[in-house]
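Just below is one structure, and these are the notes that go with it.
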Amino acid sequence: MDAQRLKDSFALVAQHGDAVALFFYADLFVRNPHLRDMFPIGMTGQRDKLLRALGTIVSRVDDLPNLVPFLQQLGRDHRRFGTIAEHYPQVGASLLGTLRHFAGPAWNDDLESDWNAAYSLVAKVMLEAADEDALNRPAWWNGQVVAVERRRFDISVLRVQPDRPLPYRPGQSVALEVPARLRHWRYYSMANAPRPDNSVDFHVRLVDGGPVSPVLVRGTRTGDRVRMGAPIGTLTLDESSPRDVLLVAGSTGLAPLKAILEQIAGRPSPPRVHLFFGARDRDGLYDLEELTKLAEAMPWLTVVPAVSDDTGGHGFSTLLQSGAFQSGQSGQFNESGRFQAGGDDIEHGTLADVVARRGPWTDHDAYVCGSAEMVRGTVERLVRSGVGRERIRLESFADAQR
């Protein structure tokens, strides 16, 4: 198998963009009509995932230490879609047919042999991982929504009771499926450490055009059912580290960091923790009231709220009208109209800027979660300030939604 030849041929095929995925799925469903019901009705997002997954596999084809874990996660995650061993040859035939079609005159026997060998490796690793996973846990967990709290028009906090224990580490995520959007799975992080009753909280923000989040935020009621995939993710606490901890959360990126915070609180001697919680405006600080109470109860915790678009004192009337801050909440509005939570003013600026101003953090372990732009900016600032990349943890699980 010639790795460079594979990369060159995929680069040629990928120039055709979305047409590649369109051709692949058309060929797959014509050859195997029974597979169509395994996929969502709307295939736009599905086609994007196919091309991303293929690109990742080809880019790592000569780097097995990085490729194999990615394929193993794909194999485990495909269990929840109902994928079984007999499906792999069917998918392989359509994939080879698609590559042959778009490669055109560049296709030859050597290239076909390379792709056959590569796909055989992919299928073998995925199947072995799926079979091993099946020995230890179900393909999914059934859950019932037991509480719904709407924090603002586009953010809800859901509490879900699984039908069996859901073993996970604080900071990890699961894929959720709702009956109204069958076969659309989206990842959400648990916002709490494991509890004796096994219930889990999810912080869900509505994404315009998203197939799942509008249902979860606006349409979910107590008693509704969901399905949850197996927990995955790398944004977990380094329990062996003696260092203090920096948590940087943008909007609902707070969820996994709040779970980690709860894990830290269970230690006999917690380290010092600084939690930066950011949003575009004050109204977006949907969990600040609870975080403020935590900071009051935990002397080792400092909570720093930040807004990037709000300035001065304007906008706090919106908070009062929305009920985001109740009369019993700790903290107050100071003379300039800025909310003072547990003694800390709301900071203004991007999270990257605010974190940098409050530094240095060279003696801390950092955990960052939020939008891709925020995460990139914050990580760059931390690295420039002397924090080693090996001490900055992000979410890097495979986007294996098939």
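Note on naming: chains are A, B, ... as they come in the structure tokens, residues start from 1 per chain, ligands start from 1 in the order shown.
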
For this session: Tell me which protein, DNA and RNA residues are within 10 Å of Val245 of chain A, counting only C-alpha atoms, leaving out same-chain ones fewer than 6 positions away, and put them as number ranges by chain.
Result: A: 237-238, 261, 264, 270-275, 301, 361, 363-367

Show me a table, sorted first by chain and then by increasing residue number, of the residues of segment 216-298 of chain A having an atom at most 10 Å from segment 189-203 of chain A, each with its shortest atom pair and the distance in Å to one decimal, counting only C-alpha atoms and written as a Markdown table.
| residue | atom | partner | partner_atom | distance |
| --- | --- | --- | --- | --- |
| A:Leu216 | CA | A:His203 | CA | 9.9 |
| A:Val217 | CA | A:His203 | CA | 9.3 |
| A:Pro231 | CA | A:Ser189 | CA | 8.9 |
| A:Ile232 | CA | A:Ser189 | CA | 9.4 |
| A:Gly233 | CA | A:Ser189 | CA | 9.1 |
| A:Leu235 | CA | A:Ser189 | CA | 10.0 |
| A:Ser251 | CA | A:His203 | CA | 9.3 |
| A:Thr252 | CA | A:His203 | CA | 5.8 |
| A:Gly253 | CA | A:Ser189 | CA | 8.3 |
| A:Leu254 | CA | A:Ala191 | CA | 7.7 |
| A:Ala255 | CA | A:Ala191 | CA | 4.1 |
| A:Pro256 | CA | A:Ala191 | CA | 5.2 |
| A:Leu257 | CA | A:Ala191 | CA | 7.4 |
| A:Lys258 | CA | A:Ala191 | CA | 5.6 |
| A:Ala259 | CA | A:Asn192 | CA | 4.0 |
| A:Ile260 | CA | A:Ala193 | CA | 6.9 |
| A:Leu261 | CA | A:Ala193 | CA | 8.5 |
| A:Glu262 | CA | A:Ala193 | CA | 6.0 |
| A:Gln263 | CA | A:Ala193 | CA | 5.9 |
| A:Ile264 | CA | A:Ala193 | CA | 9.6 |
| A:Gly266 | CA | A:Ala193 | CA | 9.6 |
| A:Tyr286 | CA | A:His203 | CA | 9.9 |
| A:Asp287 | CA | A:His203 | CA | 9.7 |

For this session: Point out the residue among A:Arg47, A:His34, A:Arg137, A:Arg282 with the least atom-to-atom distance to Asp77 of chain A, counting only C-alpha atoms.
Result: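 Once distances to Asp77 of chain A are computed over only C-alpha atoms, the minimum belongs to A:Arg137.
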
Exercise. How would you write, as a VMD selection string, the set of residues in segment 140-369 of chain A that DSSP gives as helix (DSSP H, G or I)?
Worked result: chain A and resid 179 to 181 213 to 219 251 to 265 282 to 284 288 to 297 316 to 322 351 to 358

For this session: Rounded to one decimal place, report the atom CA of Val157 of chain A-atom CA of Glu289 of chain A distance in Å.
Result: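 Distance reported for this atom pair: 13.9 Å.
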
For this session: Can you list, as number ranges by chain, all residues belonging to segment 258-310 of chain A that DSSP tags as strand (DSSP E or B)?
Result: A: 273-279, 301-307

Would you put the residues from that selection into a file with N, CA and C atoms, as a PDB file, in the first residue's frame?
ATOM      1  N   VAL A 273      -8.530  27.018  42.079  1.00  0.00           N
ATOM      2  CA  VAL A 273      -9.167  26.939  40.763  1.00  0.00           C
ATOM      3  C   VAL A 273      -9.680  28.314  40.354  1.00  0.00           C
ATOM      4  N   HIS A 274      -9.330  28.748  39.152  1.00  0.00           N
ATOM      5  CA  HIS A 274      -9.901  29.948  38.556  1.00  0.00           C
ATOM      6  C   HIS A 274     -10.787  29.511  37.392  1.00  0.00           C
ATOM      7  N   LEU A 275     -12.064  29.866  37.461  1.00  0.00           N
ATOM      8  CA  LEU A 275     -13.008  29.553  36.392  1.00  0.00           C
ATOM      9  C   LEU A 275     -13.427  30.838  35.692  1.00  0.00           C
ATOM     10  N   PHE A 276     -13.074  30.966  34.421  1.00  0.00           N
ATOM     11  CA  PHE A 276     -13.500  32.097  33.593  1.00  0.00           C
ATOM     12  C   PHE A 276     -14.702  31.649  32.772  1.00  0.00           C
ATOM     13  N   PHE A 277     -15.794  32.372  32.913  1.00  0.00           N
ATOM     14  CA  PHE A 277     -17.052  32.037  32.238  1.00  0.00           C
ATOM     15  C   PHE A 277     -17.436  33.207  31.348  1.00  0.00           C
ATOM     16  N   GLY A 278     -17.424  33.005  30.023  1.00  0.00           N
ATOM     17  CA  GLY A 278     -17.636  34.114  29.105  1.00  0.00           C
ATOM     18  C   GLY A 278     -18.841  33.940  28.198  1.00  0.00           C
ATOM     19  N   ALA A 279     -19.357  35.068  27.735  1.00  0.00           N
ATOM     20  CA  ALA A 279     -20.462  35.107  26.774  1.00  0.00           C
ATOM     21  C   ALA A 279     -20.386  36.436  26.037  1.00  0.00           C
ATOM     22  N   LEU A 301     -12.044  28.471  45.130  1.00  0.00           N
ATOM     23  CA  LEU A 301     -12.575  28.737  43.790  1.00  0.00           C
ATOM     24  C   LEU A 301     -12.774  30.228  43.562  1.00  0.00           C
ATOM     25  N   THR A 302     -12.285  30.722  42.433  1.00  0.00           N
ATOM     26  CA  THR A 302     -12.526  32.094  41.988  1.00  0.00           C
ATOM     27  C   THR A 302     -13.247  32.039  40.650  1.00  0.00           C
ATOM     28  N   VAL A 303     -14.392  32.698  40.568  1.00  0.00           N
ATOM     29  CA  VAL A 303     -15.173  32.749  39.329  1.00  0.00           C
ATOM     30  C   VAL A 303     -15.054  34.136  38.721  1.00  0.00           C
ATOM     31  N   VAL A 304     -14.653  34.193  37.458  1.00  0.00           N
ATOM     32  CA  VAL A 304     -14.504  35.461  36.756  1.00  0.00           C
ATOM     33  C   VAL A 304     -15.421  35.462  35.542  1.00  0.00           C
ATOM     34  N   PRO A 305     -16.551  36.199  35.601  1.00  0.00           N
ATOM     35  CA  PRO A 305     -17.420  36.296  34.428  1.00  0.00           C
ATOM     36  C   PRO A 305     -16.887  37.343  33.457  1.00  0.00           C
ATOM     37  N   ALA A 306     -17.122  37.132  32.167  1.00  0.00           N
ATOM     38  CA  ALA A 306     -16.622  38.056  31.148  1.00  0.00           C
ATOM     39  C   ALA A 306     -17.614  38.148  29.996  1.00  0.00           C
ATOM     40  N   VAL A 307     -17.750  39.345  29.440  1.00  0.00           N
ATOM     41  CA  VAL A 307     -18.582  39.547  28.262  1.00  0.00           C
ATOM     42  C   VAL A 307     -17.748  40.246  27.188  1.00  0.00           C
TER      43      VAL A 307
END

Problem set entry | Exercise: Phe81 of chain A partners within 10 Å, only C-alpha atoms, chain neighbours under 3 positions left out, as a VMD selection string | chain A and resid 38 to 39 77 to 78 84 139 to 140 183 to 185 229 401 to 402

Exercise. Excluding same-chain residues fewer than 5 positions from segment 130-135 of chain A, what lies within 9 Å of it counting only C-alpha atoms, as a list in words?
Worked result: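 My reading of the contact set: Gln72, Gln73, Leu74, Gly75, Arg76, Asp77, His78, Arg79, Ile84 and Val125 of chain A.
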
Problem set entry | Selection near Asn32 of chain A, 10 Å with only C-alpha atoms, sequence-local residues under 2 positions removed, as a PyMOL selection string | chain A and resi 26-30+34-36+87+90-91+94

For this session: Enter the distance from atom CA of Met43 of chain A to atom CA of Val20 of chain A, in Å, rounded to one decimal.
Result: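 Spanning atom CA of Met43 of chain A to atom CA of Val20 of chain A is a straight-line distance of 13.2 Å.
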
Seminar exercise, completed: Atom pair atom CA of Pro360 of chain A + atom CA of Leu246 of chain A, distance 10.7 Å

For this session: Identify, on the basis of only C-alpha atoms, every residue whose closest approach to Val146 of chain A does not exceed 9 Å; exclude the query and any residue fewer than 4 positions from it along the same chain; express the result as a ChimeraX atom specification.
Result: /A:158-161,199,221-224
